[in-house]
$ cat entry17.cif   # mmCIF, N, CA and C atoms
data_final
loop_
_atom_site.label_atom_id
_atom_site.label_comp_id
_atom_site.auth_asym_id
_atom_site.auth_seq_id
_atom_site.Cartn_x
_atom_site.Cartn_y
_atom_site.Cartn_z
N MET A 1362 26.26 10.45 -1.74
CA MET A 1362 27.63 10.35 -2.22
C MET A 1362 28.20 11.73 -2.53
N GLN A 1363 27.37 12.75 -2.38
CA GLN A 1363 27.85 14.11 -2.60
C GLN A 1363 28.75 14.57 -1.46
N ASN A 1364 28.57 13.99 -0.29
CA ASN A 1364 29.36 14.34 0.88
C ASN A 1364 30.58 13.42 0.94
N PRO A 1365 31.81 13.97 0.86
CA PRO A 1365 33.01 13.14 0.84
C PRO A 1365 33.15 12.23 2.06
N GLN A 1366 32.78 12.72 3.24
CA GLN A 1366 32.88 11.89 4.45
C GLN A 1366 31.90 10.71 4.36
N ALA A 1367 30.70 10.96 3.88
CA ALA A 1367 29.71 9.89 3.73
C ALA A 1367 30.18 8.88 2.69
N ALA A 1368 30.77 9.36 1.60
CA ALA A 1368 31.27 8.46 0.56
C ALA A 1368 32.37 7.55 1.11
N ARG A 1369 33.26 8.08 1.94
CA ARG A 1369 34.30 7.26 2.56
C ARG A 1369 33.68 6.20 3.47
N SER A 1370 32.65 6.58 4.21
CA SER A 1370 31.97 5.63 5.10
C SER A 1370 31.32 4.50 4.30
N LEU A 1371 30.74 4.83 3.16
CA LEU A 1371 30.09 3.81 2.32
C LEU A 1371 31.10 2.76 1.86
N LYS A 1372 32.33 3.18 1.62
CA LYS A 1372 33.36 2.23 1.15
C LYS A 1372 33.73 1.21 2.22
N LEU A 1373 33.38 1.47 3.47
CA LEU A 1373 33.67 0.53 4.56
C LEU A 1373 32.66 -0.63 4.61
N LEU A 1374 31.53 -0.47 3.93
CA LEU A 1374 30.50 -1.51 3.94
C LEU A 1374 30.90 -2.69 3.07
N LYS A 1375 30.46 -3.89 3.44
CA LYS A 1375 30.73 -5.08 2.64
C LYS A 1375 29.74 -5.23 1.51
N ALA A 1376 28.51 -4.71 1.70
CA ALA A 1376 27.49 -4.81 0.66
C ALA A 1376 26.45 -3.71 0.85
N ILE A 1377 26.00 -3.16 -0.26
CA ILE A 1377 24.91 -2.19 -0.27
C ILE A 1377 23.84 -2.76 -1.20
N LEU A 1378 22.67 -3.07 -0.65
CA LEU A 1378 21.56 -3.62 -1.45
C LEU A 1378 20.58 -2.51 -1.77
N LEU A 1379 20.25 -2.36 -3.05
CA LEU A 1379 19.23 -1.40 -3.48
C LEU A 1379 18.11 -2.16 -4.15
N GLY A 1380 16.88 -1.75 -3.88
CA GLY A 1380 15.72 -2.39 -4.49
C GLY A 1380 14.48 -1.57 -4.24
N ALA A 1381 13.32 -2.19 -4.34
CA ALA A 1381 12.01 -1.61 -4.07
C ALA A 1381 11.41 -0.89 -5.28
N SER A 1382 12.21 -0.23 -6.07
CA SER A 1382 11.71 0.42 -7.29
C SER A 1382 12.90 0.66 -8.21
N ALA A 1383 12.62 1.28 -9.33
CA ALA A 1383 13.69 1.54 -10.30
C ALA A 1383 14.78 2.39 -9.66
N ILE A 1384 16.01 2.04 -9.94
CA ILE A 1384 17.16 2.76 -9.38
C ILE A 1384 17.69 3.69 -10.46
N PRO A 1385 17.83 4.97 -10.16
CA PRO A 1385 18.31 5.91 -11.17
C PRO A 1385 19.67 5.47 -11.73
N PRO A 1386 19.80 5.40 -13.05
CA PRO A 1386 21.08 4.98 -13.66
C PRO A 1386 22.26 5.82 -13.20
N GLU A 1387 22.04 7.11 -12.94
CA GLU A 1387 23.16 7.95 -12.51
C GLU A 1387 23.66 7.54 -11.13
N LEU A 1388 22.77 7.04 -10.26
CA LEU A 1388 23.20 6.55 -8.95
C LEU A 1388 24.07 5.30 -9.11
N ILE A 1389 23.66 4.43 -10.02
CA ILE A 1389 24.46 3.22 -10.29
C ILE A 1389 25.82 3.62 -10.85
N ASP A 1390 25.82 4.54 -11.81
CA ASP A 1390 27.08 4.99 -12.41
C ASP A 1390 28.01 5.59 -11.37
N GLN A 1391 27.47 6.42 -10.47
CA GLN A 1391 28.29 7.02 -9.42
C GLN A 1391 28.85 5.96 -8.48
N SER A 1392 28.03 4.96 -8.17
CA SER A 1392 28.46 3.89 -7.27
C SER A 1392 29.57 3.04 -7.89
N VAL A 1393 29.41 2.74 -9.18
CA VAL A 1393 30.44 1.97 -9.89
C VAL A 1393 31.74 2.77 -9.93
N GLU A 1394 31.63 4.06 -10.26
CA GLU A 1394 32.81 4.91 -10.32
C GLU A 1394 33.51 4.99 -8.96
N ALA A 1395 32.73 5.03 -7.88
CA ALA A 1395 33.30 5.11 -6.53
C ALA A 1395 33.74 3.73 -6.02
N ARG A 1396 33.50 2.68 -6.81
CA ARG A 1396 33.86 1.30 -6.46
C ARG A 1396 33.20 0.84 -5.16
N LEU A 1397 31.92 1.19 -5.02
CA LEU A 1397 31.16 0.75 -3.85
C LEU A 1397 30.64 -0.67 -4.08
N PRO A 1398 30.47 -1.45 -3.01
CA PRO A 1398 29.99 -2.84 -3.14
C PRO A 1398 28.47 -2.87 -3.31
N LEU A 1399 28.00 -2.43 -4.48
CA LEU A 1399 26.57 -2.25 -4.74
C LEU A 1399 25.96 -3.47 -5.41
N TYR A 1400 24.78 -3.88 -4.92
CA TYR A 1400 24.02 -4.98 -5.50
C TYR A 1400 22.59 -4.50 -5.70
N ILE A 1401 21.98 -4.90 -6.81
CA ILE A 1401 20.57 -4.62 -7.03
C ILE A 1401 19.80 -5.87 -6.63
N SER A 1402 18.76 -5.66 -5.83
CA SER A 1402 18.00 -6.78 -5.28
C SER A 1402 16.54 -6.68 -5.68
N TYR A 1403 15.93 -7.83 -5.99
CA TYR A 1403 14.49 -7.89 -6.24
C TYR A 1403 13.89 -8.85 -5.24
N GLY A 1404 12.83 -8.45 -4.61
CA GLY A 1404 12.20 -9.34 -3.65
C GLY A 1404 10.84 -8.86 -3.20
N LEU A 1405 10.25 -9.62 -2.31
CA LEU A 1405 8.97 -9.28 -1.73
C LEU A 1405 8.85 -9.98 -0.38
N THR A 1406 8.09 -9.42 0.49
CA THR A 1406 7.93 -9.96 1.84
C THR A 1406 7.49 -11.41 1.81
N GLU A 1407 6.61 -11.75 0.89
CA GLU A 1407 6.05 -13.10 0.82
C GLU A 1407 7.10 -14.17 0.47
N MET A 1408 8.26 -13.75 0.01
CA MET A 1408 9.34 -14.68 -0.35
C MET A 1408 10.57 -14.49 0.55
N ALA A 1409 10.34 -14.20 1.83
CA ALA A 1409 11.45 -13.99 2.77
C ALA A 1409 12.41 -12.92 2.26
N SER A 1410 11.84 -11.86 1.75
CA SER A 1410 12.54 -10.66 1.32
C SER A 1410 13.14 -10.74 -0.08
N GLN A 1411 14.17 -11.51 -0.29
CA GLN A 1411 14.84 -11.49 -1.59
C GLN A 1411 14.46 -12.68 -2.46
N VAL A 1412 14.34 -12.39 -3.76
CA VAL A 1412 14.13 -13.43 -4.77
C VAL A 1412 15.37 -13.53 -5.64
N ALA A 1413 15.92 -12.39 -6.01
CA ALA A 1413 17.07 -12.35 -6.91
C ALA A 1413 17.97 -11.17 -6.55
N THR A 1414 19.25 -11.32 -6.81
CA THR A 1414 20.22 -10.27 -6.53
C THR A 1414 21.25 -10.24 -7.65
N SER A 1415 21.69 -9.04 -7.98
CA SER A 1415 22.70 -8.89 -9.03
C SER A 1415 24.07 -9.33 -8.53
N VAL A 1416 24.97 -9.46 -9.47
CA VAL A 1416 26.38 -9.58 -9.11
C VAL A 1416 26.80 -8.22 -8.56
N CYS A 1417 27.92 -8.15 -7.87
CA CYS A 1417 28.42 -6.86 -7.40
C CYS A 1417 28.70 -5.99 -8.62
N LEU A 1418 28.16 -4.78 -8.62
CA LEU A 1418 28.27 -3.92 -9.80
C LEU A 1418 29.67 -3.34 -9.92
N ARG A 1419 30.39 -3.80 -10.92
CA ARG A 1419 31.73 -3.28 -11.21
C ARG A 1419 31.74 -2.48 -12.50
N THR A 1420 30.76 -2.78 -13.38
CA THR A 1420 30.60 -2.03 -14.63
C THR A 1420 29.12 -1.70 -14.77
N PRO A 1421 28.76 -0.68 -15.55
CA PRO A 1421 27.34 -0.38 -15.76
C PRO A 1421 26.56 -1.56 -16.34
N GLN A 1422 27.20 -2.42 -17.10
CA GLN A 1422 26.52 -3.58 -17.69
C GLN A 1422 26.12 -4.61 -16.64
N ASP A 1423 26.79 -4.63 -15.51
CA ASP A 1423 26.48 -5.60 -14.45
C ASP A 1423 25.08 -5.42 -13.89
N ARG A 1424 24.48 -4.24 -14.08
CA ARG A 1424 23.17 -3.97 -13.48
C ARG A 1424 22.09 -4.90 -14.02
N THR A 1425 22.32 -5.53 -15.15
CA THR A 1425 21.31 -6.42 -15.73
C THR A 1425 21.52 -7.87 -15.34
N LYS A 1426 22.58 -8.18 -14.62
CA LYS A 1426 22.90 -9.57 -14.28
C LYS A 1426 22.27 -9.93 -12.93
N ILE A 1427 20.97 -10.19 -12.95
CA ILE A 1427 20.21 -10.51 -11.74
C ILE A 1427 20.03 -12.02 -11.68
N ASN A 1428 20.53 -12.64 -10.63
CA ASN A 1428 20.48 -14.10 -10.50
C ASN A 1428 19.47 -14.52 -9.44
N ILE A 1429 18.73 -15.59 -9.72
CA ILE A 1429 17.75 -16.13 -8.79
C ILE A 1429 18.49 -16.80 -7.64
N LEU A 1430 18.04 -16.54 -6.42
CA LEU A 1430 18.68 -17.10 -5.24
C LEU A 1430 18.22 -18.53 -4.97
N LYS A 1431 18.99 -19.22 -4.15
CA LYS A 1431 18.70 -20.61 -3.76
C LYS A 1431 17.32 -20.71 -3.10
N TYR A 1432 16.64 -21.83 -3.31
CA TYR A 1432 15.32 -22.13 -2.74
C TYR A 1432 14.20 -21.27 -3.31
N ARG A 1433 14.42 -20.63 -4.44
CA ARG A 1433 13.41 -19.78 -5.07
C ARG A 1433 13.28 -20.16 -6.54
N GLN A 1434 12.05 -20.10 -7.03
CA GLN A 1434 11.80 -20.33 -8.45
C GLN A 1434 11.03 -19.13 -8.99
N VAL A 1435 11.29 -18.80 -10.23
CA VAL A 1435 10.62 -17.67 -10.88
C VAL A 1435 10.10 -18.13 -12.23
N MET A 1436 8.88 -17.70 -12.54
CA MET A 1436 8.29 -17.96 -13.85
C MET A 1436 7.66 -16.65 -14.32
N ILE A 1437 7.69 -16.41 -15.61
CA ILE A 1437 7.05 -15.22 -16.16
C ILE A 1437 5.90 -15.68 -17.05
N LYS A 1438 4.68 -15.22 -16.73
CA LYS A 1438 3.50 -15.58 -17.50
C LYS A 1438 3.52 -14.89 -18.86
N ASP A 1439 2.62 -15.32 -19.73
CA ASP A 1439 2.53 -14.73 -21.07
C ASP A 1439 2.26 -13.23 -21.03
N ASP A 1440 1.54 -12.76 -19.99
CA ASP A 1440 1.25 -11.32 -19.89
C ASP A 1440 2.41 -10.55 -19.25
N GLY A 1441 3.51 -11.25 -18.90
CA GLY A 1441 4.69 -10.61 -18.33
C GLY A 1441 4.74 -10.61 -16.82
N GLU A 1442 3.66 -11.08 -16.15
CA GLU A 1442 3.68 -11.05 -14.68
C GLU A 1442 4.66 -12.08 -14.14
N ILE A 1443 5.41 -11.66 -13.12
CA ILE A 1443 6.37 -12.54 -12.45
C ILE A 1443 5.63 -13.36 -11.40
N LEU A 1444 5.81 -14.69 -11.45
CA LEU A 1444 5.29 -15.60 -10.44
C LEU A 1444 6.47 -16.20 -9.70
N VAL A 1445 6.29 -16.45 -8.39
CA VAL A 1445 7.37 -17.03 -7.60
C VAL A 1445 6.84 -18.20 -6.77
N LYS A 1446 7.74 -19.12 -6.46
CA LYS A 1446 7.44 -20.18 -5.49
C LYS A 1446 8.77 -20.72 -4.98
N GLY A 1447 8.68 -21.53 -3.94
CA GLY A 1447 9.89 -22.11 -3.38
C GLY A 1447 9.75 -22.36 -1.90
N GLU A 1448 10.81 -22.90 -1.33
CA GLU A 1448 10.80 -23.27 0.09
C GLU A 1448 10.59 -22.08 1.02
N VAL A 1449 10.93 -20.88 0.58
CA VAL A 1449 10.82 -19.71 1.44
C VAL A 1449 9.52 -18.92 1.22
N LEU A 1450 8.64 -19.41 0.35
CA LEU A 1450 7.37 -18.73 0.10
C LEU A 1450 6.47 -18.83 1.33
N PHE A 1451 5.81 -17.74 1.65
CA PHE A 1451 4.93 -17.73 2.82
C PHE A 1451 3.77 -18.70 2.65
N LYS A 1452 3.09 -19.01 3.74
CA LYS A 1452 1.97 -19.96 3.72
C LYS A 1452 0.66 -19.29 3.31
N GLY A 1453 0.57 -17.98 3.46
CA GLY A 1453 -0.65 -17.25 3.11
C GLY A 1453 -0.85 -16.07 4.03
N TYR A 1454 -1.94 -15.35 3.79
CA TYR A 1454 -2.30 -14.19 4.61
C TYR A 1454 -3.29 -14.63 5.67
N VAL A 1455 -3.11 -14.16 6.90
CA VAL A 1455 -4.03 -14.48 7.99
C VAL A 1455 -5.09 -13.38 8.06
N SER A 1456 -6.35 -13.81 8.10
CA SER A 1456 -7.47 -12.89 8.25
C SER A 1456 -8.41 -13.50 9.29
N GLY A 1457 -8.33 -12.99 10.52
CA GLY A 1457 -9.11 -13.59 11.60
C GLY A 1457 -8.62 -15.00 11.85
N ASP A 1458 -9.51 -15.97 11.74
CA ASP A 1458 -9.14 -17.38 11.92
C ASP A 1458 -8.82 -18.06 10.59
N LEU A 1459 -8.88 -17.31 9.50
CA LEU A 1459 -8.68 -17.90 8.18
C LEU A 1459 -7.26 -17.68 7.67
N LEU A 1460 -6.79 -18.63 6.90
CA LEU A 1460 -5.53 -18.49 6.19
C LEU A 1460 -5.86 -18.43 4.70
N MET A 1461 -5.65 -17.26 4.10
CA MET A 1461 -5.93 -17.09 2.67
C MET A 1461 -4.66 -17.40 1.90
N ARG A 1462 -4.77 -18.33 0.94
CA ARG A 1462 -3.61 -18.74 0.15
C ARG A 1462 -3.80 -18.27 -1.29
N PRO A 1463 -3.23 -17.13 -1.65
CA PRO A 1463 -3.41 -16.59 -3.00
C PRO A 1463 -2.47 -17.22 -4.03
N LEU A 1464 -2.41 -18.55 -4.05
CA LEU A 1464 -1.52 -19.26 -4.96
C LEU A 1464 -2.35 -19.93 -6.04
N ASP A 1465 -1.74 -20.15 -7.20
CA ASP A 1465 -2.46 -20.91 -8.22
C ASP A 1465 -2.40 -22.39 -7.88
N LYS A 1466 -3.02 -23.22 -8.70
CA LYS A 1466 -3.13 -24.66 -8.39
C LYS A 1466 -1.77 -25.35 -8.30
N ASP A 1467 -0.74 -24.76 -8.90
CA ASP A 1467 0.60 -25.35 -8.86
C ASP A 1467 1.50 -24.73 -7.79
N GLY A 1468 0.93 -23.85 -6.95
CA GLY A 1468 1.70 -23.26 -5.86
C GLY A 1468 2.45 -21.99 -6.21
N TRP A 1469 2.20 -21.39 -7.37
CA TRP A 1469 2.87 -20.15 -7.77
C TRP A 1469 2.14 -18.95 -7.19
N PHE A 1470 2.90 -17.97 -6.72
CA PHE A 1470 2.36 -16.73 -6.16
C PHE A 1470 2.52 -15.61 -7.18
N PRO A 1471 1.42 -14.92 -7.55
CA PRO A 1471 1.51 -13.80 -8.48
C PRO A 1471 2.01 -12.54 -7.76
N THR A 1472 3.10 -11.97 -8.21
CA THR A 1472 3.73 -10.84 -7.52
C THR A 1472 3.10 -9.49 -7.86
N GLY A 1473 2.46 -9.39 -9.03
CA GLY A 1473 1.99 -8.09 -9.49
C GLY A 1473 3.07 -7.32 -10.21
N ASP A 1474 4.29 -7.86 -10.24
CA ASP A 1474 5.40 -7.23 -10.96
C ASP A 1474 5.49 -7.80 -12.37
N LEU A 1475 6.00 -6.99 -13.28
CA LEU A 1475 6.22 -7.42 -14.66
C LEU A 1475 7.71 -7.61 -14.90
N GLY A 1476 8.04 -8.64 -15.67
CA GLY A 1476 9.45 -8.89 -15.93
C GLY A 1476 9.66 -9.63 -17.23
N GLU A 1477 10.92 -9.86 -17.52
CA GLU A 1477 11.31 -10.61 -18.72
C GLU A 1477 12.67 -11.22 -18.45
N TRP A 1478 13.02 -12.20 -19.26
CA TRP A 1478 14.35 -12.81 -19.20
C TRP A 1478 15.20 -12.13 -20.26
N ASP A 1479 16.43 -11.76 -19.92
CA ASP A 1479 17.31 -11.19 -20.94
C ASP A 1479 17.96 -12.32 -21.74
N ASN A 1480 18.77 -11.97 -22.71
CA ASN A 1480 19.40 -12.97 -23.59
C ASN A 1480 20.31 -13.93 -22.84
N ASP A 1481 20.79 -13.53 -21.66
CA ASP A 1481 21.67 -14.39 -20.87
C ASP A 1481 20.93 -15.16 -19.79
N GLY A 1482 19.58 -15.07 -19.78
CA GLY A 1482 18.79 -15.81 -18.80
C GLY A 1482 18.66 -15.13 -17.45
N HIS A 1483 18.98 -13.84 -17.37
CA HIS A 1483 18.86 -13.10 -16.11
C HIS A 1483 17.49 -12.43 -16.05
N LEU A 1484 16.92 -12.35 -14.85
CA LEU A 1484 15.64 -11.69 -14.64
C LEU A 1484 15.79 -10.19 -14.77
N ARG A 1485 14.85 -9.58 -15.49
CA ARG A 1485 14.81 -8.12 -15.61
C ARG A 1485 13.41 -7.68 -15.21
N VAL A 1486 13.29 -6.92 -14.12
CA VAL A 1486 12.00 -6.41 -13.66
C VAL A 1486 11.75 -5.10 -14.39
N ILE A 1487 10.57 -5.00 -15.03
CA ILE A 1487 10.31 -3.82 -15.87
C ILE A 1487 9.16 -2.95 -15.38
N GLY A 1488 8.46 -3.37 -14.34
CA GLY A 1488 7.37 -2.53 -13.84
C GLY A 1488 6.36 -3.31 -13.02
N ARG A 1489 5.18 -2.71 -12.87
CA ARG A 1489 4.08 -3.31 -12.10
C ARG A 1489 2.88 -3.49 -13.02
N LYS A 1490 2.04 -4.49 -12.69
CA LYS A 1490 0.78 -4.67 -13.41
C LYS A 1490 -0.15 -3.50 -13.11
N ASP A 1491 -0.08 -3.00 -11.89
CA ASP A 1491 -0.86 -1.83 -11.49
C ASP A 1491 0.04 -0.97 -10.60
N ASN A 1492 -0.47 0.13 -10.16
CA ASN A 1492 0.33 1.03 -9.33
C ASN A 1492 0.10 0.83 -7.84
N MET A 1493 -0.57 -0.27 -7.46
CA MET A 1493 -0.87 -0.53 -6.06
C MET A 1493 0.34 -1.13 -5.35
N PHE A 1494 0.57 -0.67 -4.12
CA PHE A 1494 1.56 -1.30 -3.25
C PHE A 1494 1.01 -1.30 -1.84
N VAL A 1495 1.62 -2.08 -0.96
CA VAL A 1495 1.14 -2.21 0.41
C VAL A 1495 2.09 -1.47 1.34
N SER A 1496 1.52 -0.65 2.22
CA SER A 1496 2.30 0.09 3.21
C SER A 1496 1.57 -0.01 4.55
N GLY A 1497 2.22 -0.61 5.54
CA GLY A 1497 1.60 -0.75 6.85
C GLY A 1497 0.31 -1.55 6.82
N GLY A 1498 0.23 -2.52 5.92
CA GLY A 1498 -0.96 -3.35 5.82
C GLY A 1498 -2.08 -2.73 5.01
N GLU A 1499 -1.87 -1.54 4.47
CA GLU A 1499 -2.89 -0.85 3.67
C GLU A 1499 -2.52 -0.91 2.19
N ASN A 1500 -3.52 -1.13 1.33
CA ASN A 1500 -3.31 -1.07 -0.11
C ASN A 1500 -3.30 0.40 -0.55
N ILE A 1501 -2.21 0.82 -1.14
CA ILE A 1501 -2.06 2.20 -1.61
C ILE A 1501 -2.11 2.18 -3.13
N HIS A 1502 -3.01 3.00 -3.72
CA HIS A 1502 -3.14 3.05 -5.19
C HIS A 1502 -2.63 4.37 -5.71
#
$ encode --input "entry17.cif" --output "structure tokens"
Amino acid sequence: MQNPQAARSLKLLKAILLGASAIPPELIDQSVEARLPLYISYGLTEMASQVATSVCLRTPQDRTKINILKYRQVMIKDDGEILVKGEVLFKGYVSGDLLMRPLDKDGWFPTGDLGEWDNDGHLRVIGRKDNMFVSGGENIH
């Protein structure tokens, strides 16, 4: 957004989705000030990409208004881990001829992410249980 021509091009977009990790507050503030159609998204591959998305950010306070999308359910365990399930949840991981289903007995998938519900019932993602993530099928610690 430092480049005026790039900033003008961004305003032509209908939606800009940001996710994957914490988004710097100054980037959100700049986007709101520039009136860009910015949304914060939370998701994972195992849930057909998105689980929850914010309202379009018009004020800095909007960044906390993350709503669960249709066909998805979210639960937060006592230790803060986010669990997901729903019609778009994957069937499991394929390993050779085996299908590994890392779900609990009720069909919930542990994401490894930590979260909480805010006072308005919106999901707030606050971190990871560990620092591991997957890149190109490899576990990176």
$ select_by_dssp --input "entry17.cif" --residues "region 1384-1500 of chain A" --states "helix (DSSP H, G or I)" --output "list in words"
Pro1386, Glu1387, Leu1388, Ile1389, Asp1390, Gln1391, Ser1392, Val1393, Glu1394, Thr1406, Glu1407, Met1408, Pro1421, Gln1422, Asp1423, Arg1424 and Thr1425 of chain A
$ resolve_selection --input "entry17.cif" --expression "the PyMOL selection byres (((chain A and resi 1484 and name CA) around 12) and name CA)" --output "ChimeraX atom specification"
/A:1401-1404,1412-1415,1424-1430,1434-1437,1441-1444,1474-1483,1485-1487
$ write_last_selection --input "entry17.cif" --atoms "N, CA and C atoms" --output "mmCIF file, in the coordinates of the input"
data_model
loop_
_atom_site.group_PDB
_atom_site.id
_atom_site.type_symbol
_atom_site.label_atom_id
_atom_site.label_comp_id
_atom_site.auth_asym_id
_atom_site.auth_seq_id
_atom_site.Cartn_x
_atom_site.Cartn_y
_atom_site.Cartn_z
ATOM 1 N N ILE A 1401 21.980 -4.900 -6.810
ATOM 2 C CA ILE A 1401 20.570 -4.620 -7.030
ATOM 3 C C ILE A 1401 19.800 -5.870 -6.630
ATOM 4 N N SER A 1402 18.760 -5.660 -5.830
ATOM 5 C CA SER A 1402 18.000 -6.780 -5.280
ATOM 6 C C SER A 1402 16.540 -6.680 -5.680
ATOM 7 N N TYR A 1403 15.930 -7.830 -5.990
ATOM 8 C CA TYR A 1403 14.490 -7.890 -6.240
ATOM 9 C C TYR A 1403 13.890 -8.850 -5.240
ATOM 10 N N GLY A 1404 12.830 -8.450 -4.610
ATOM 11 C CA GLY A 1404 12.200 -9.340 -3.650
ATOM 12 C C GLY A 1404 10.840 -8.860 -3.200
ATOM 13 N N VAL A 1412 14.340 -12.390 -3.760
ATOM 14 C CA VAL A 1412 14.130 -13.430 -4.770
ATOM 15 C C VAL A 1412 15.370 -13.530 -5.640
ATOM 16 N N ALA A 1413 15.920 -12.390 -6.010
ATOM 17 C CA ALA A 1413 17.070 -12.350 -6.910
ATOM 18 C C ALA A 1413 17.970 -11.170 -6.550
ATOM 19 N N THR A 1414 19.250 -11.320 -6.810
ATOM 20 C CA THR A 1414 20.220 -10.270 -6.530
ATOM 21 C C THR A 1414 21.250 -10.240 -7.650
ATOM 22 N N SER A 1415 21.690 -9.040 -7.980
ATOM 23 C CA SER A 1415 22.700 -8.890 -9.030
ATOM 24 C C SER A 1415 24.070 -9.330 -8.530
ATOM 25 N N ARG A 1424 24.480 -4.240 -14.080
ATOM 26 C CA ARG A 1424 23.170 -3.970 -13.480
ATOM 27 C C ARG A 1424 22.090 -4.900 -14.020
ATOM 28 N N THR A 1425 22.320 -5.530 -15.150
ATOM 29 C CA THR A 1425 21.310 -6.420 -15.730
ATOM 30 C C THR A 1425 21.520 -7.870 -15.340
ATOM 31 N N LYS A 1426 22.580 -8.180 -14.620
ATOM 32 C CA LYS A 1426 22.900 -9.570 -14.280
ATOM 33 C C LYS A 1426 22.270 -9.930 -12.930
ATOM 34 N N ILE A 1427 20.970 -10.190 -12.950
ATOM 35 C CA ILE A 1427 20.210 -10.510 -11.740
ATOM 36 C C ILE A 1427 20.030 -12.020 -11.680
ATOM 37 N N ASN A 1428 20.530 -12.640 -10.630
ATOM 38 C CA ASN A 1428 20.480 -14.100 -10.500
ATOM 39 C C ASN A 1428 19.470 -14.520 -9.440
ATOM 40 N N ILE A 1429 18.730 -15.590 -9.720
ATOM 41 C CA ILE A 1429 17.750 -16.130 -8.790
ATOM 42 C C ILE A 1429 18.490 -16.800 -7.640
ATOM 43 N N LEU A 1430 18.040 -16.540 -6.420
ATOM 44 C CA LEU A 1430 18.680 -17.100 -5.240
ATOM 45 C C LEU A 1430 18.220 -18.530 -4.970
ATOM 46 N N GLN A 1434 12.050 -20.100 -7.030
ATOM 47 C CA GLN A 1434 11.800 -20.330 -8.450
ATOM 48 C C GLN A 1434 11.030 -19.130 -8.990
ATOM 49 N N VAL A 1435 11.290 -18.800 -10.230
ATOM 50 C CA VAL A 1435 10.620 -17.670 -10.880
ATOM 51 C C VAL A 1435 10.100 -18.130 -12.230
ATOM 52 N N MET A 1436 8.880 -17.700 -12.540
ATOM 53 C CA MET A 1436 8.290 -17.960 -13.850
ATOM 54 C C MET A 1436 7.660 -16.650 -14.320
ATOM 55 N N ILE A 1437 7.690 -16.410 -15.610
ATOM 56 C CA ILE A 1437 7.050 -15.220 -16.160
ATOM 57 C C ILE A 1437 5.900 -15.680 -17.050
ATOM 58 N N GLY A 1441 3.510 -11.250 -18.900
ATOM 59 C CA GLY A 1441 4.690 -10.610 -18.330
ATOM 60 C C GLY A 1441 4.740 -10.610 -16.820
ATOM 61 N N GLU A 1442 3.660 -11.080 -16.150
ATOM 62 C CA GLU A 1442 3.680 -11.050 -14.680
ATOM 63 C C GLU A 1442 4.660 -12.080 -14.140
ATOM 64 N N ILE A 1443 5.410 -11.660 -13.120
ATOM 65 C CA ILE A 1443 6.370 -12.540 -12.450
ATOM 66 C C ILE A 1443 5.630 -13.360 -11.400
ATOM 67 N N LEU A 1444 5.810 -14.690 -11.450
ATOM 68 C CA LEU A 1444 5.290 -15.600 -10.440
ATOM 69 C C LEU A 1444 6.470 -16.200 -9.700
ATOM 70 N N ASP A 1474 4.290 -7.860 -10.240
ATOM 71 C CA ASP A 1474 5.400 -7.230 -10.960
ATOM 72 C C ASP A 1474 5.490 -7.800 -12.370
ATOM 73 N N LEU A 1475 6.000 -6.990 -13.280
ATOM 74 C CA LEU A 1475 6.220 -7.420 -14.660
ATOM 75 C C LEU A 1475 7.710 -7.610 -14.900
ATOM 76 N N GLY A 1476 8.040 -8.640 -15.670
ATOM 77 C CA GLY A 1476 9.450 -8.890 -15.930
ATOM 78 C C GLY A 1476 9.660 -9.630 -17.230
ATOM 79 N N GLU A 1477 10.920 -9.860 -17.520
ATOM 80 C CA GLU A 1477 11.310 -10.610 -18.720
ATOM 81 C C GLU A 1477 12.670 -11.220 -18.450
ATOM 82 N N TRP A 1478 13.020 -12.200 -19.260
ATOM 83 C CA TRP A 1478 14.350 -12.810 -19.200
ATOM 84 C C TRP A 1478 15.200 -12.130 -20.260
ATOM 85 N N ASP A 1479 16.430 -11.760 -19.920
ATOM 86 C CA ASP A 1479 17.310 -11.190 -20.940
ATOM 87 C C ASP A 1479 17.960 -12.320 -21.740
ATOM 88 N N ASN A 1480 18.770 -11.970 -22.710
ATOM 89 C CA ASN A 1480 19.400 -12.970 -23.590
ATOM 90 C C ASN A 1480 20.310 -13.930 -22.840
ATOM 91 N N ASP A 1481 20.790 -13.530 -21.660
ATOM 92 C CA ASP A 1481 21.670 -14.390 -20.870
ATOM 93 C C ASP A 1481 20.930 -15.160 -19.790
ATOM 94 N N GLY A 1482 19.580 -15.070 -19.780
ATOM 95 C CA GLY A 1482 18.790 -15.810 -18.800
ATOM 96 C C GLY A 1482 18.660 -15.130 -17.450
ATOM 97 N N HIS A 1483 18.980 -13.840 -17.370
ATOM 98 C CA HIS A 1483 18.860 -13.100 -16.110
ATOM 99 C C HIS A 1483 17.490 -12.430 -16.050
ATOM 100 N N ARG A 1485 14.850 -9.580 -15.490
ATOM 101 C CA ARG A 1485 14.810 -8.120 -15.610
ATOM 102 C C ARG A 1485 13.410 -7.680 -15.210
ATOM 103 N N VAL A 1486 13.290 -6.920 -14.120
ATOM 104 C CA VAL A 1486 12.000 -6.410 -13.660
ATOM 105 C C VAL A 1486 11.750 -5.100 -14.390
ATOM 106 N N ILE A 1487 10.570 -5.000 -15.030
ATOM 107 C CA ILE A 1487 10.310 -3.820 -15.870
ATOM 108 C C ILE A 1487 9.160 -2.950 -15.380
#
$ closest_residue --input "entry17.cif" --among "A:Arg1433, A:Lys1466, A:Lys1438, A:Arg1369" --to "Leu1450 (chain A)" --atoms "all atoms listed in the file"
A:Arg1433
$ atom_distance --input "entry17.cif" --atom1 "CA of Leu1405 (chain A)" --atom2 "CA of Leu1388 (chain A)"
22.5 Å
$ closest_residue --input "entry17.cif" --among "A:Arg1396, A:Gly1473, A:Gln1363, A:Pro1385" --to "Asn1492 (chain A)" --atoms "only C-alpha atoms"
A:Gly1473
$ residues_around --input "entry17.cif" --residues "region 1446-1449 of chain A" --least-positions-apart "3" --cutoff "8 Å" --atoms "only N, CA and C atoms" --output "list in words"
Thr1406, Glu1407, Met1408, Ala1409, Ser1410, Lys1431, Tyr1432, Arg1433, Gln1434, Val1435, Met1436, Ile1443, Lys1452, Asp1467, Gly1468, Trp1469, Phe1470 and Pro1471 of chain A
